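Trainee: This is the content of my_file23.txt (compact mmCIF, C-alpha atoms):
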# COMPACT_ATOMS: atom_id res chain seq x y z
CA MET A 3 56.93 250.88 45.30
CA ASN A 4 54.42 248.30 44.04
CA ARG A 5 51.90 247.11 46.58
CA PRO A 6 51.76 243.36 47.33
CA LEU A 7 48.89 241.60 45.58
CA VAL A 8 46.01 239.86 47.34
CA GLY A 9 43.84 237.50 45.32
CA HIS A 10 40.15 237.64 46.30
CA PHE A 11 38.16 234.54 45.32
CA ARG A 12 34.37 234.72 44.88
CA LYS A 13 32.40 232.40 42.58
CA THR A 14 30.40 235.28 41.06
CA TRP A 15 31.51 238.90 41.24
CA LEU A 16 29.21 240.31 42.63
CA GLY A 17 25.67 239.85 43.91
CA ARG A 18 23.79 242.92 45.09
CA THR A 19 23.42 241.45 48.58
CA GLU A 20 27.21 241.13 48.95
CA THR A 21 28.18 244.77 49.32
CA PHE A 22 30.27 243.82 52.35
CA ILE A 23 32.75 242.03 50.06
CA HIS A 24 33.05 244.99 47.72
CA GLU A 25 33.67 247.30 50.66
CA ILE A 26 36.74 245.30 51.63
CA VAL A 27 38.10 244.74 48.12
CA SER A 28 37.64 248.37 47.06
CA HIS A 29 39.22 249.94 50.15
CA HIS A 30 42.63 248.29 50.30
CA VAL A 31 45.40 250.70 51.28
CA ARG A 32 48.68 248.76 51.35
CA TYR A 33 47.63 245.78 49.20
CA GLU A 34 46.46 245.65 45.58
CA PRO A 35 43.40 243.43 44.97
CA VAL A 36 42.94 240.95 42.12
CA VAL A 37 39.51 239.30 41.83
CA PHE A 38 39.25 235.65 40.74
CA CYS A 39 35.76 234.45 39.81
CA GLU A 40 33.77 232.21 37.47
CA GLY A 41 31.25 234.85 36.42
CA THR A 42 30.40 238.52 36.78
CA GLU A 43 27.29 240.62 37.32
CA ASN A 44 26.46 244.14 38.50
CA LEU A 45 29.88 245.43 37.46
CA ASP A 46 28.44 248.91 37.08
CA GLU A 47 27.63 248.91 40.80
CA PHE A 48 30.62 246.87 42.01
CA PRO A 49 33.61 247.57 39.77
CA ALA A 50 37.00 245.98 40.33
CA LYS A 51 40.26 247.11 38.77
CA THR A 52 41.57 243.63 37.91
CA ILE A 53 39.32 240.61 37.36
CA GLU A 54 40.44 237.15 36.30
CA GLN A 55 37.37 235.22 35.14
CA ILE A 56 37.75 231.44 35.07
CA GLU A 57 35.19 229.72 32.87
CA PHE A 58 33.84 226.33 33.90
CA PRO A 59 34.27 223.90 30.95
CA ARG A 60 31.08 224.03 28.88
CA LYS A 61 31.12 220.31 28.15
CA LEU A 62 30.85 219.63 31.91
CA ALA A 63 28.62 222.51 32.96
CA GLY A 64 25.45 220.76 31.83
CA PHE A 65 25.71 217.89 34.28
CA ILE A 66 27.96 219.05 37.12
CA ASP A 67 26.29 221.88 39.02
CA ALA A 68 27.80 224.29 41.51
CA ASN A 69 26.66 222.29 44.54
CA LEU A 70 28.35 219.14 43.28
CA ARG A 71 31.54 221.05 42.65
CA ILE A 72 31.45 222.34 46.21
CA ARG A 73 30.64 218.93 47.68
CA PHE A 74 33.43 217.15 45.83
CA ASN A 75 35.99 219.93 46.16
CA ARG A 76 35.41 221.09 42.58
CA THR A 77 37.02 219.46 39.54
CA PRO A 78 40.68 219.02 38.54
CA ILE A 79 40.01 220.95 35.31
CA LEU A 80 38.65 223.95 37.16
CA ASN A 81 41.44 223.82 39.73
CA ARG A 82 44.01 223.91 36.92
CA ARG A 83 42.29 226.94 35.38
CA TYR A 84 42.44 228.81 38.67
CA ARG A 85 46.13 227.96 39.05
CA ARG A 86 46.83 229.08 35.46
CA ALA A 87 45.09 232.42 36.04
CA ALA A 88 46.95 232.95 39.30
CA ARG A 89 50.32 232.44 37.56
CA LYS A 90 49.80 235.77 35.78
CA HIS A 91 50.20 237.61 39.08
CA ASN A 92 52.89 237.72 41.74
CA LEU A 93 50.40 237.14 44.55
CA ALA A 94 51.37 237.51 48.19
CA ILE A 95 48.10 236.50 49.88
CA LEU A 96 44.91 234.66 48.90
CA HIS A 97 41.53 235.52 50.41
CA GLY A 98 38.49 233.31 49.82
CA HIS A 99 35.02 234.74 50.40
CA PHE A 100 32.50 232.22 51.71
CA GLY A 101 33.72 228.69 52.37
CA TRP A 102 33.56 227.81 48.69
CA GLY A 103 35.76 230.79 47.84
CA GLY A 104 38.35 229.25 50.14
CA ILE A 105 37.91 225.91 48.38
CA ALA A 106 38.51 227.57 45.01
CA ALA A 107 41.67 229.28 46.29
CA LEU A 108 43.09 226.23 48.10
CA PRO A 109 44.73 224.50 45.08
CA VAL A 110 46.49 227.77 44.23
CA ALA A 111 47.64 228.17 47.83
CA LEU A 112 48.97 224.63 48.05
CA ARG A 113 50.72 224.68 44.66
CA ARG A 114 52.39 228.04 45.19
CA GLY A 115 52.94 227.92 48.95
CA LEU A 116 50.81 231.00 49.58
CA PRO A 117 48.92 231.84 52.79
CA LEU A 118 45.15 231.60 52.48
CA ALA A 119 42.59 233.47 54.56
CA THR A 120 38.92 232.48 54.22
CA THR A 121 35.99 234.54 55.47
CA PHE A 122 32.84 232.61 56.37
CA TYR A 123 29.52 234.46 56.23
CA GLY A 124 26.87 232.03 57.48
CA VAL A 125 25.14 230.11 54.71
CA ASP A 126 28.46 228.38 54.00
CA LEU A 127 28.46 226.74 57.44
CA THR A 128 25.90 224.17 56.27
CA ALA A 129 28.20 222.58 53.62
CA ARG A 130 30.21 220.82 56.31
CA ALA A 131 31.58 217.84 54.38
CA SER A 132 33.45 220.13 51.98
CA TYR A 133 35.87 221.75 54.37
CA ALA A 134 38.25 219.07 55.70
CA ARG A 135 41.02 219.93 53.22
CA LEU A 136 40.40 223.65 53.60
CA PHE A 137 40.59 223.48 57.39
CA LYS A 138 43.85 221.56 57.10
CA GLY A 139 45.49 223.69 54.40
CA GLY A 140 44.09 227.15 55.12
CA SER A 141 46.08 229.67 57.15
CA LEU A 142 43.32 231.76 58.73
CA PHE A 143 39.52 231.67 59.05
CA LEU A 144 37.66 234.91 59.60
CA VAL A 145 34.16 235.33 61.02
CA GLU A 146 31.91 238.29 61.77
CA GLY A 147 31.38 237.75 65.49
CA PRO A 148 31.64 235.47 68.54
CA ARG A 149 28.56 233.34 67.77
CA MET A 150 29.92 232.50 64.35
CA GLU A 151 33.36 231.83 65.82
CA LYS A 152 31.84 229.05 67.96
CA ALA A 153 29.81 227.69 65.05
CA LEU A 154 32.86 227.44 62.77
CA ALA A 155 34.91 225.69 65.44
CA ALA A 156 32.02 223.26 65.96
CA ILE A 157 32.25 222.04 62.35
CA GLY A 158 35.98 221.42 62.51
CA ALA A 159 37.92 224.62 61.89
CA PRO A 160 41.04 224.79 64.11
CA ALA A 161 40.14 227.12 66.97
CA GLY A 162 43.61 228.66 66.94
CA LYS A 163 43.15 229.76 63.33
CA ILE A 164 39.76 231.49 63.78
CA GLU A 165 39.65 235.26 64.33
CA ILE A 166 36.84 237.82 64.39
CA GLN A 167 36.91 240.36 61.56
CA PRO A 168 33.82 242.54 62.05
CA ILE A 169 31.70 243.17 58.99
CA ALA A 170 32.27 246.69 57.70
CA ILE A 171 30.63 249.45 55.69
CA SER A 172 31.57 252.91 54.49
CA ALA A 173 29.69 254.87 57.12
CA ASP A 174 30.11 258.10 55.17
CA LYS A 175 27.88 256.65 52.41
CA PHE A 176 25.00 256.64 54.89
CA PRO A 177 24.76 260.16 56.32
CA PHE A 178 23.15 260.40 59.72
CA ARG A 179 19.70 261.96 59.82
CA ALA A 180 17.60 262.43 62.92
CA ARG A 181 14.30 260.58 62.42
CA ARG A 182 10.94 262.20 63.11
CA PRO A 183 7.39 261.24 62.13
CA GLY A 184 6.27 262.57 58.76
CA ALA A 185 4.22 265.72 58.45
CA ASP A 186 1.19 263.46 57.95
CA GLY A 187 1.95 261.63 61.19
CA LYS A 188 2.92 258.43 59.36
CA ILE A 189 5.61 256.20 60.83
CA LYS A 190 7.43 253.96 58.36
CA ALA A 191 9.07 250.68 59.31
CA LEU A 192 11.51 249.04 56.90
CA MET A 193 12.52 245.41 56.26
CA VAL A 194 15.25 244.47 53.79
CA GLY A 195 16.38 241.00 52.73
CA ARG A 196 16.05 238.08 50.39
CA PHE A 197 12.75 236.26 50.77
CA VAL A 198 14.27 233.15 52.34
CA GLU A 199 13.48 231.43 55.63
CA LYS A 200 16.40 232.75 57.70
CA LYS A 201 15.34 236.35 57.12
CA GLY A 202 12.15 235.70 59.13
CA LEU A 203 10.09 238.10 57.04
CA PRO A 204 6.73 236.41 57.72
CA ASP A 205 7.46 236.88 61.45
CA GLY A 206 8.13 240.52 60.67
CA ILE A 207 4.83 240.89 58.80
CA ARG A 208 2.91 239.40 61.73
CA ALA A 209 4.80 241.53 64.25
CA PHE A 210 4.11 244.67 62.24
CA ALA A 211 0.39 243.84 62.02
CA ARG A 212 0.15 243.37 65.80
CA ALA A 213 2.15 246.51 66.57
CA ARG A 214 -0.07 248.47 64.19
CA ARG A 215 -3.05 247.79 66.44
CA GLU A 216 -1.35 250.06 68.97
CA VAL A 217 0.18 252.45 66.42
CA PRO A 218 -2.33 252.61 63.55
CA ASP A 219 -0.41 255.28 61.63
CA MET A 220 2.47 252.88 60.98
CA GLU A 221 3.35 251.63 57.47
CA LEU A 222 5.83 249.01 56.25
CA ASP A 223 8.19 249.00 53.26
CA VAL A 224 9.80 245.69 52.29
CA ILE A 225 12.80 245.57 49.94
CA GLY A 226 13.79 242.23 48.45
CA ASP A 227 12.43 239.17 46.69
CA GLY A 228 12.92 235.44 46.56
CA PRO A 229 11.31 232.00 46.83
CA LEU A 230 9.10 232.87 49.81
CA ARG A 231 7.37 235.78 48.07
CA GLY A 232 4.08 233.87 47.94
CA GLU A 233 4.20 233.15 51.67
CA ILE A 234 4.92 236.79 52.45
CA GLU A 235 2.08 237.99 50.21
CA ARG A 236 -0.28 235.57 51.96
CA ALA A 237 0.83 236.85 55.36
CA ILE A 238 0.07 240.42 54.27
CA GLU A 239 -3.36 239.34 53.03
CA GLU A 240 -4.15 237.28 56.14
CA GLU A 241 -3.25 240.22 58.37
CA ASN A 242 -5.50 242.53 56.30
CA LEU A 243 -2.69 245.02 55.85
CA GLY A 244 -3.91 246.30 52.50
CA GLY A 245 -1.87 249.33 51.42
CA ALA A 246 -0.08 249.55 54.76
CA ALA A 247 2.59 247.08 53.59
CA ARG A 248 4.41 247.60 50.29
CA LEU A 249 6.67 245.06 48.56
CA HIS A 250 9.26 246.86 46.41
CA GLY A 251 11.13 243.80 45.09
CA PHE A 252 14.85 244.03 44.38
CA VAL A 253 15.94 247.63 43.88
CA SER A 254 19.11 249.46 42.91
CA ARG A 255 21.40 250.92 45.55
CA ASP A 256 20.07 254.39 44.76
CA GLU A 257 16.46 253.24 45.17
CA TYR A 258 17.39 251.49 48.40
CA ARG A 259 18.83 254.71 49.79
CA GLU A 260 15.78 256.69 48.67
CA ILE A 261 13.33 254.29 50.36
CA SER A 262 15.40 253.96 53.52
CA ASP A 263 15.82 257.72 53.77
CA GLY A 264 12.07 257.95 54.32
CA ALA A 265 12.03 255.23 56.98
CA HIS A 266 11.84 255.73 60.74
CA ILE A 267 12.46 252.23 62.22
CA MET A 268 14.49 249.24 60.96
CA LEU A 269 12.88 245.82 61.53
CA VAL A 270 15.13 242.74 61.28
CA PRO A 271 13.28 239.51 62.25
CA SER A 272 16.04 236.99 61.36
CA ARG A 273 15.71 233.38 62.55
CA THR A 274 17.34 229.95 62.12
CA ALA A 275 15.96 228.10 59.08
CA ALA A 276 14.76 224.50 59.25
CA ASP A 277 17.93 223.32 57.46
CA GLY A 278 20.14 225.13 60.00
CA ASP A 279 20.92 228.13 57.78
CA THR A 280 21.45 231.34 59.73
CA GLU A 281 22.69 234.86 59.18
CA GLY A 282 25.99 233.53 60.51
CA GLY A 283 27.07 237.01 61.43
CA ALA A 284 24.50 239.74 60.91
CA PRO A 285 22.81 241.47 57.95
CA THR A 286 24.83 244.37 56.56
CA VAL A 287 21.66 246.43 56.45
CA LEU A 288 21.77 246.63 60.25
CA LEU A 289 25.02 248.57 60.04
CA GLU A 290 23.89 250.76 57.16
CA MET A 291 20.64 251.78 58.81
CA GLN A 292 22.25 252.38 62.22
CA ALA A 293 24.77 254.63 60.48
CA ALA A 294 21.87 256.50 58.87
CA GLY A 295 20.19 257.03 62.25
CA LEU A 296 17.36 254.47 62.28
CA PRO A 297 16.37 252.90 65.59
CA VAL A 298 16.42 249.09 65.28
CA VAL A 299 14.02 246.33 66.29
CA ALA A 300 15.55 242.90 65.71
CA THR A 301 16.01 239.37 67.02
CA ARG A 302 18.74 237.89 69.20
CA HIS A 303 19.85 235.77 66.28
CA ALA A 304 23.41 234.79 65.32
CA ASP A 305 25.69 237.82 65.80
CA ILE A 306 22.99 240.48 65.64
CA PRO A 307 23.58 241.33 69.35
CA PHE A 308 27.25 241.89 68.43
CA VAL A 309 26.51 244.56 65.78
CA VAL A 310 23.92 246.60 67.69
CA ARG A 311 23.79 248.14 71.16
CA GLU A 312 20.86 246.41 72.85
CA GLY A 313 18.82 248.86 74.88
CA GLU A 314 20.64 251.80 73.26
CA SER A 315 20.45 251.62 69.45
CA ALA A 316 18.14 248.59 69.35
CA LEU A 317 15.40 246.66 71.10
CA LEU A 318 15.72 242.89 70.65
CA ALA A 319 13.34 239.93 70.93
CA ASN A 320 13.98 236.21 70.69
CA GLU A 321 14.00 234.79 67.18
CA GLY A 322 10.64 233.46 66.03
CA ASP A 323 8.84 235.51 68.69
CA ALA A 324 6.41 237.63 66.66
CA ASP A 325 4.70 238.87 69.83
CA GLY A 326 8.02 239.98 71.31
CA LEU A 327 8.95 241.75 68.08
CA ALA A 328 5.53 243.40 67.98
CA ALA A 329 5.92 244.68 71.53
CA ALA A 330 9.39 246.07 70.77
CA LEU A 331 8.20 247.66 67.52
CA ALA A 332 5.20 249.26 69.21
CA GLU A 333 7.45 250.52 72.01
CA VAL A 334 9.83 252.25 69.61
CA ALA A 335 7.06 253.56 67.33
CA SER A 336 5.13 255.00 70.29
CA HIS A 337 8.08 257.08 71.52
CA PRO A 338 9.52 259.16 68.66
CA GLU A 339 11.21 261.37 71.26
CA ARG A 340 13.66 258.45 71.77
CA TRP A 341 14.55 258.01 68.11
CA ASP A 342 17.31 260.59 67.97
CA ARG A 343 19.07 259.14 71.01
CA MET A 344 18.81 255.60 69.62
CA GLY A 345 19.97 256.74 66.19
CA ARG A 346 23.02 258.53 67.57
CA ALA A 347 23.96 255.49 69.66
CA GLY A 348 23.80 253.32 66.54
CA ARG A 349 25.85 255.76 64.48
CA ALA A 350 28.56 255.94 67.15
CA HIS A 351 28.68 252.14 67.39
CA VAL A 352 29.11 251.71 63.63
CA GLU A 353 31.79 254.37 63.39
CA ALA A 354 33.74 252.85 66.28
CA GLN A 355 33.43 249.15 65.45
CA HIS A 356 32.32 248.65 61.84
CA ASP A 357 33.65 251.40 59.59
CA VAL A 358 35.64 250.08 56.66
CA ALA A 359 38.69 252.27 57.30
CA GLY A 360 39.36 250.57 60.63
CA ALA A 361 38.42 247.16 59.24
CA ILE A 362 40.95 247.46 56.41
CA THR A 363 43.70 248.44 58.82
CA GLU A 364 42.91 245.37 60.90
CA LEU A 365 42.62 243.04 57.90
CA GLU A 366 45.85 244.19 56.25
CA ALA A 367 47.70 243.73 59.55
CA ARG A 368 46.48 240.12 59.45
CA TYR A 369 47.76 239.82 55.86
CA ASP A 370 51.14 241.14 57.03
CA ARG A 371 51.31 238.49 59.71
CA LEU A 372 50.41 235.70 57.27
CA TRP A 373 52.88 236.93 54.66
CA GLU A 374 55.69 237.02 57.20
CA ASN A 375 54.70 233.68 58.79
CA PRO A 376 52.83 231.68 56.11
CA ALA A 377 52.81 228.35 57.98
As structure tokens, what does this structure read like?
Mentor:
Amino acid sequence: MNRPLVGHFRKTWLGRTETFIHEIVSHHVRYEPVVFCEGTENLDEFPAKTIEQIEFPRKLAGFIDANLRIRFNRTPILNRRYRRAARKHNLAILHGHFGWGGIAALPVALRRGLPLATTFYGVDLTARASYARLFKGGSLFLVEGPRMEKALAAIGAPAGKIEIQPIAISADKFPFRARRPGADGKIKALMVGRFVEKKGLPDGIRAFARARREVPDMELDVIGDGPLRGEIERAIEEENLGGAARLHGFVSRDEYREISDGAHIMLVPSRTAADGDTEGGAPTVLLEMQAAGLPVVATRHADIPFVVREGESALLANEGDADGLAAALAEVASHPERWDRMGRAGRAHVEAQHDVAGAITELEARYDRLWENPA
């Protein structure tokens, strides 16, 4: 028997930092996914069986940018193109990823009377003026944790339509390995993220430098890039870190696994940006590295406390508190005999709460409910 179709809407399929979306789309069991997007990238890393690419009209693209389309609920021409593409498929459910994915799917949902679920991820919470129609016409709004649930309700989403769908990974892709200092005695900390304000990477650089005064054999690998690269390079220079801190830039998934396999401690210094942008939920890397057995040092930011076990798999400090992060990092680095226990606690937490197999079961049960009761 043919599986019911679910249409997944994402503006671009798919950025390297959005592995969490691919995990969901690629692990459906009882539903068949169809991806609707306006552009594609990294298809070799994130393949999808069926992709419907909707091109934005070239004659308009030069003077109507993506932000304007979001702010003004897109354009009638683009909405018609999404509806035309959707007519090719006997869809049962629509699922928008990020708030603007929900906005793209909404005209299809309204025209065809289909239920629409939208997952919010954090950065989309700042585009508040865009969502009035979506909040009225959408069927379900999914968030990664309780902090984000409150934040979404605060900008107008109906509280009765918001549910927590924990972010998920394939834990088996990140085999557990007990962490021990290298044969040379070196201890490697790892930070991963785009070089943007909410990632708090300059705080992490300063915390690492202060912790290194107590643990001089510690080194830092940083994976990522972005607009704040200059600020991060200056922080490394000001802290006189020299070769102790290495910036790897953006890397492939294989390179990411290779670098992280040599790490001993995960450092996640996320914070609220000046414009209000937050992680929303929590960085996927926290789940991946807990699954792989890394002890975590992080901030009590957004839903980070929801995806770690504070005091068991992770030590947490307040966001923006470089001294608190430094103390936590030095504490973990100074006691390698605790790493195995922390790593196993993190692995157990991910397997129980954030593995994609359980997440898909939960998500498809929600689809069932919407399909049977679309109002």
Trainee: Would you work out the distance separating atom CA of A:Met344 from atom CA of A:Leu296, expressed in Å to one decimal?
Mentor: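 These two atoms are separated by 7.6 Å.
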Trainee: Determine, counting only C-alpha atoms, which protein, DNA and RNA residues have an atom within 8 Å of an atom of A:Val358; residues of the same chain fewer than 4 positions away are not included. Present the result as a list in words.
Mentor: Glu25, Ile26, His29, Ala170, Ile171, Ser172, Ala173 and Ile362 of chain A
Trainee: In Å to one decimal, how far is atom CA of A:His24 from atom CA of A:Arg371?
Mentor: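 Computing the Euclidean distance for atom CA of A:Arg371 and atom CA of A:His24 yields 22.8 Å.
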Trainee: Hey, what's within 9 Å of A:Phe122 if we count all atoms listed in the file and toss same-chain stuff fewer than 4 positions away? As a PyMOL selection string, please?
Mentor: chain A and resi 98-101+104+126-127+143-146+150+154+282-283
Trainee: Taking 3 positions as the minimum chain separation for residues in the same chain, which residues sit within 12 Å of A:Gly232 when counting only C-alpha atoms? Answer as a list in words.
Mentor: Phe197, Val198, Leu203, Pro204, Asp227, Gly228, Pro229, Glu235, Arg236, Ala237, Ile238, Glu239 and Leu249 of chain A
Trainee: So how many Å separate atom CA of A:Glu257 and atom CA of A:Glu20, to one decimal?
Mentor: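 Computing it gives 16.6 Å between the two atoms.
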Trainee: Using all atoms listed in the file, pick whichever of A:Ala275, A:Ala153, A:Ile261, A:Ala335 has the shortest atom-to-atom distance to A:Gly187.
Mentor: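 Of all the options, A:Ala335 lies closest to A:Gly187.
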Trainee: Find the residues around A:Gly322 up to 10 Å (all atoms listed in the file counted), leave out those fewer than 6 positions away in its own chain, and share them as a list of chain:residue names.
Mentor: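 Once the adjacent positions are removed, what remains is A:Gly202, A:Pro204, A:Asp205, A:Gly206, A:Pro271, A:Ser272, A:Arg273, A:Thr274, A:Thr301, A:Arg302, A:His303.
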Trainee: Just the residues within 8 Å of A:Phe308, please, counting all atoms listed in the file, with nothing from its chain fewer than 2 positions along; format it as a PyMOL selection string.
Mentor: chain A and resi 147-148+305-306+310-311
Trainee: For A:Arg18, which residue among A:Ala134, A:Val36, A:Leu45, A:Met268 is the nearest when counting all atoms listed in the file?
Mentor: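 Of A:Ala134, A:Val36, A:Leu45, A:Met268, the one nearest A:Arg18 is A:Leu45, counting all atoms listed in the file.
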Trainee: Which residue is closest to A:Ala276? Choose from A:Val110, A:Ile95, A:Leu289, A:Lys200 and count only C-alpha atoms.
Mentor: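 Under the stated criterion, the closest residue is A:Lys200.
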Trainee: Point out the residue among A:Ile169, A:Ala359, A:Ala209, A:Leu230 with the least atom-to-atom distance to A:Val287, counting all atoms listed in the file.
Mentor: A:Ile169
Trainee: Kindly indicate which residue among A:Ala304, A:Ala284, A:Leu331, A:Ala361 lies nearest to A:Leu222, using all atoms listed in the file for the distances.
Mentor: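 Under the stated criterion, the closest residue is A:Leu331.
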